[in-house]
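entry01.cif (mmCIF, N, CA and C atoms) appears below.
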```cif
data_input
#
loop_
_atom_site.label_atom_id
_atom_site.label_comp_id
_atom_site.auth_asym_id
_atom_site.auth_seq_id
_atom_site.Cartn_x
_atom_site.Cartn_y
_atom_site.Cartn_z
N THR A 1 8.74 8.61 4.34
CA THR A 1 8.24 7.23 4.43
C THR A 1 8.08 6.66 3.02
N THR A 2 8.64 5.51 2.80
CA THR A 2 8.52 4.89 1.48
C THR A 2 7.29 4.00 1.43
N VAL A 3 6.91 3.67 0.21
CA VAL A 3 5.76 2.76 0.03
C VAL A 3 6.05 1.43 0.73
N GLY A 4 7.27 0.95 0.64
CA GLY A 4 7.63 -0.31 1.28
C GLY A 4 7.45 -0.27 2.78
N GLU A 5 7.83 0.85 3.39
CA GLU A 5 7.68 0.99 4.83
C GLU A 5 6.21 0.97 5.23
N ILE A 6 5.40 1.66 4.44
CA ILE A 6 3.96 1.68 4.70
C ILE A 6 3.39 0.25 4.62
N LEU A 7 3.80 -0.48 3.58
CA LEU A 7 3.32 -1.85 3.43
C LEU A 7 3.73 -2.71 4.61
N ASN A 8 4.97 -2.55 5.08
CA ASN A 8 5.44 -3.34 6.21
C ASN A 8 4.65 -3.05 7.47
N ILE A 9 4.37 -1.78 7.71
CA ILE A 9 3.59 -1.39 8.90
C ILE A 9 2.20 -2.01 8.83
N LEU A 10 1.58 -1.92 7.66
CA LEU A 10 0.22 -2.46 7.53
C LEU A 10 0.21 -3.97 7.66
N ARG A 11 1.26 -4.64 7.15
CA ARG A 11 1.32 -6.10 7.30
C ARG A 11 1.44 -6.49 8.76
N GLU A 12 2.19 -5.69 9.52
CA GLU A 12 2.33 -5.99 10.95
C GLU A 12 1.00 -5.83 11.67
N ARG A 13 0.25 -4.81 11.28
CA ARG A 13 -1.02 -4.53 11.96
C ARG A 13 -2.13 -5.46 11.54
N PHE A 14 -2.05 -5.96 10.31
CA PHE A 14 -3.11 -6.84 9.79
C PHE A 14 -2.50 -8.13 9.25
N PRO A 15 -1.89 -8.93 10.15
CA PRO A 15 -1.17 -10.13 9.69
C PRO A 15 -2.07 -11.17 9.05
N ASN A 16 -3.35 -11.15 9.35
CA ASN A 16 -4.26 -12.17 8.82
C ASN A 16 -5.01 -11.71 7.58
N GLU A 17 -4.68 -10.53 7.11
CA GLU A 17 -5.41 -9.97 5.97
C GLU A 17 -4.76 -10.39 4.66
N LYS A 18 -5.32 -11.44 4.06
CA LYS A 18 -4.71 -12.02 2.86
C LYS A 18 -4.82 -11.11 1.64
N GLU A 19 -5.89 -10.32 1.59
CA GLU A 19 -6.11 -9.48 0.43
C GLU A 19 -5.48 -8.10 0.58
N LEU A 20 -4.80 -7.87 1.70
CA LEU A 20 -4.29 -6.53 2.00
C LEU A 20 -3.38 -6.01 0.89
N ASP A 21 -2.42 -6.82 0.46
CA ASP A 21 -1.46 -6.34 -0.52
C ASP A 21 -2.12 -5.96 -1.84
N LYS A 22 -3.04 -6.80 -2.31
CA LYS A 22 -3.70 -6.51 -3.58
C LYS A 22 -4.48 -5.20 -3.49
N ARG A 23 -5.20 -5.03 -2.39
CA ARG A 23 -6.01 -3.83 -2.21
C ARG A 23 -5.11 -2.60 -2.10
N LEU A 24 -4.03 -2.74 -1.32
CA LEU A 24 -3.12 -1.61 -1.15
C LEU A 24 -2.45 -1.22 -2.45
N LEU A 25 -2.01 -2.21 -3.21
CA LEU A 25 -1.35 -1.91 -4.48
C LEU A 25 -2.30 -1.18 -5.41
N TYR A 26 -3.56 -1.60 -5.39
CA TYR A 26 -4.55 -0.91 -6.23
C TYR A 26 -4.64 0.57 -5.84
N TYR A 27 -4.76 0.83 -4.53
CA TYR A 27 -4.87 2.21 -4.09
C TYR A 27 -3.60 3.00 -4.39
N LEU A 28 -2.44 2.36 -4.19
CA LEU A 28 -1.18 3.05 -4.46
C LEU A 28 -1.05 3.43 -5.92
N TYR A 29 -1.42 2.52 -6.80
CA TYR A 29 -1.34 2.84 -8.22
C TYR A 29 -2.35 3.91 -8.61
N ARG A 30 -3.52 3.88 -8.00
CA ARG A 30 -4.52 4.92 -8.28
C ARG A 30 -3.99 6.28 -7.82
N MET A 31 -3.39 6.34 -6.63
CA MET A 31 -2.85 7.58 -6.11
C MET A 31 -1.73 8.08 -7.01
N ASP A 32 -0.93 7.15 -7.53
CA ASP A 32 0.16 7.52 -8.43
C ASP A 32 -0.41 8.12 -9.71
N GLU A 33 -1.45 7.49 -10.25
CA GLU A 33 -2.09 7.99 -11.47
C GLU A 33 -2.64 9.39 -11.26
N LEU A 34 -3.19 9.63 -10.08
CA LEU A 34 -3.82 10.92 -9.79
C LEU A 34 -2.80 11.98 -9.38
N GLY A 35 -1.55 11.56 -9.19
CA GLY A 35 -0.49 12.52 -8.89
C GLY A 35 -0.28 12.82 -7.42
N TYR A 36 -0.92 12.04 -6.53
CA TYR A 36 -0.72 12.28 -5.10
C TYR A 36 0.64 11.81 -4.64
N ILE A 37 1.07 10.69 -5.19
CA ILE A 37 2.36 10.13 -4.80
C ILE A 37 3.10 9.69 -6.06
N SER A 38 4.36 9.39 -5.89
CA SER A 38 5.16 8.90 -7.01
C SER A 38 5.79 7.57 -6.62
N ILE A 39 5.54 6.56 -7.42
CA ILE A 39 6.12 5.25 -7.12
C ILE A 39 6.88 4.73 -8.33
#
```

Will you turn the file into structure tokens for me?
Amino acid sequence: TTVGEILNILRERFPNEKELDKRLLYYLYRMDELGYISI
């Protein structure tokens, strides 16, 4: 599963969540920094 796919799924589930992308990107970059994932 790619990061893009995850984002698409979450957008579908939370279509009215305006801050979703910003919050998700923050977590994704934090996870990348900590070595959990690679983006």

### Query
In Å to one decimal, how far is atom CA of Leu7 of chain A from atom CA of Asp21 of chain A?
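Pair atom CA of Asp21 of chain A / atom CA of Leu7 of chain A returns 7.7 Å.
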
### Message
Based on the backbone DSSP call, show me all residues of segment 9-39 of chain A assigned alpha helix (DSSP H), as JSON, numbers by chain.
### Response
{"A": [9, 10, 11, 12, 13, 20, 21, 22, 23, 24, 25, 26, 27, 28, 29, 30, 31, 32, 33, 34]}

### Task
Quick one: everything within 12 Å of Ile37 of chain A, counting only C-alpha atoms, minus sequence neighbours fewer than 2 positions away in the same chain. Send it as a PyMOL selection string.
chain A and resi 1-3+27-35+39

So that I have them on file, write out the residues from the current selection with N, CA and C atoms, as a PDB file, in the coordinates of the input.
```pdb
ATOM      1  N   THR A   1       8.740   8.610   4.340  1.00  0.00           N
ATOM      2  CA  THR A   1       8.240   7.230   4.430  1.00  0.00           C
ATOM      3  C   THR A   1       8.080   6.660   3.020  1.00  0.00           C
ATOM      4  N   THR A   2       8.640   5.510   2.800  1.00  0.00           N
ATOM      5  CA  THR A   2       8.520   4.890   1.480  1.00  0.00           C
ATOM      6  C   THR A   2       7.290   4.000   1.430  1.00  0.00           C
ATOM      7  N   VAL A   3       6.910   3.670   0.210  1.00  0.00           N
ATOM      8  CA  VAL A   3       5.760   2.760   0.030  1.00  0.00           C
ATOM      9  C   VAL A   3       6.050   1.430   0.730  1.00  0.00           C
ATOM     10  N   TYR A  27      -4.760   0.830  -4.530  1.00  0.00           N
ATOM     11  CA  TYR A  27      -4.870   2.210  -4.090  1.00  0.00           C
ATOM     12  C   TYR A  27      -3.600   3.000  -4.390  1.00  0.00           C
ATOM     13  N   LEU A  28      -2.440   2.360  -4.190  1.00  0.00           N
ATOM     14  CA  LEU A  28      -1.180   3.050  -4.460  1.00  0.00           C
ATOM     15  C   LEU A  28      -1.050   3.430  -5.920  1.00  0.00           C
ATOM     16  N   TYR A  29      -1.420   2.520  -6.800  1.00  0.00           N
ATOM     17  CA  TYR A  29      -1.340   2.840  -8.220  1.00  0.00           C
ATOM     18  C   TYR A  29      -2.350   3.910  -8.610  1.00  0.00           C
ATOM     19  N   ARG A  30      -3.520   3.880  -8.000  1.00  0.00           N
ATOM     20  CA  ARG A  30      -4.520   4.920  -8.280  1.00  0.00           C
ATOM     21  C   ARG A  30      -3.990   6.280  -7.820  1.00  0.00           C
ATOM     22  N   MET A  31      -3.390   6.340  -6.630  1.00  0.00           N
ATOM     23  CA  MET A  31      -2.850   7.580  -6.110  1.00  0.00           C
ATOM     24  C   MET A  31      -1.730   8.080  -7.010  1.00  0.00           C
ATOM     25  N   ASP A  32      -0.930   7.150  -7.530  1.00  0.00           N
ATOM     26  CA  ASP A  32       0.160   7.520  -8.430  1.00  0.00           C
ATOM     27  C   ASP A  32      -0.410   8.120  -9.710  1.00  0.00           C
ATOM     28  N   GLU A  33      -1.450   7.490 -10.250  1.00  0.00           N
ATOM     29  CA  GLU A  33      -2.090   7.990 -11.470  1.00  0.00           C
ATOM     30  C   GLU A  33      -2.640   9.390 -11.260  1.00  0.00           C
ATOM     31  N   LEU A  34      -3.190   9.630 -10.080  1.00  0.00           N
ATOM     32  CA  LEU A  34      -3.820  10.920  -9.790  1.00  0.00           C
ATOM     33  C   LEU A  34      -2.800  11.980  -9.380  1.00  0.00           C
ATOM     34  N   GLY A  35      -1.550  11.560  -9.190  1.00  0.00           N
ATOM     35  CA  GLY A  35      -0.490  12.520  -8.890  1.00  0.00           C
ATOM     36  C   GLY A  35      -0.280  12.820  -7.420  1.00  0.00           C
ATOM     37  N   ILE A  39       5.540   6.560  -7.420  1.00  0.00           N
ATOM     38  CA  ILE A  39       6.120   5.250  -7.120  1.00  0.00           C
ATOM     39  C   ILE A  39       6.880   4.730  -8.330  1.00  0.00           C
TER      40      ILE A  39
END
```

### Query
Suppose you want the space between atom CA of Glu5 of chain A and atom CA of Leu24 of chain A; what is it in Å?
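Between these atoms lies a distance of 12.6 Å.
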
### Straight-line distance linking atom CA of Arg23 of chain A with atom C of Asn8 of chain A, stated in Å to one decimal
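It comes out at 14.4 Å.
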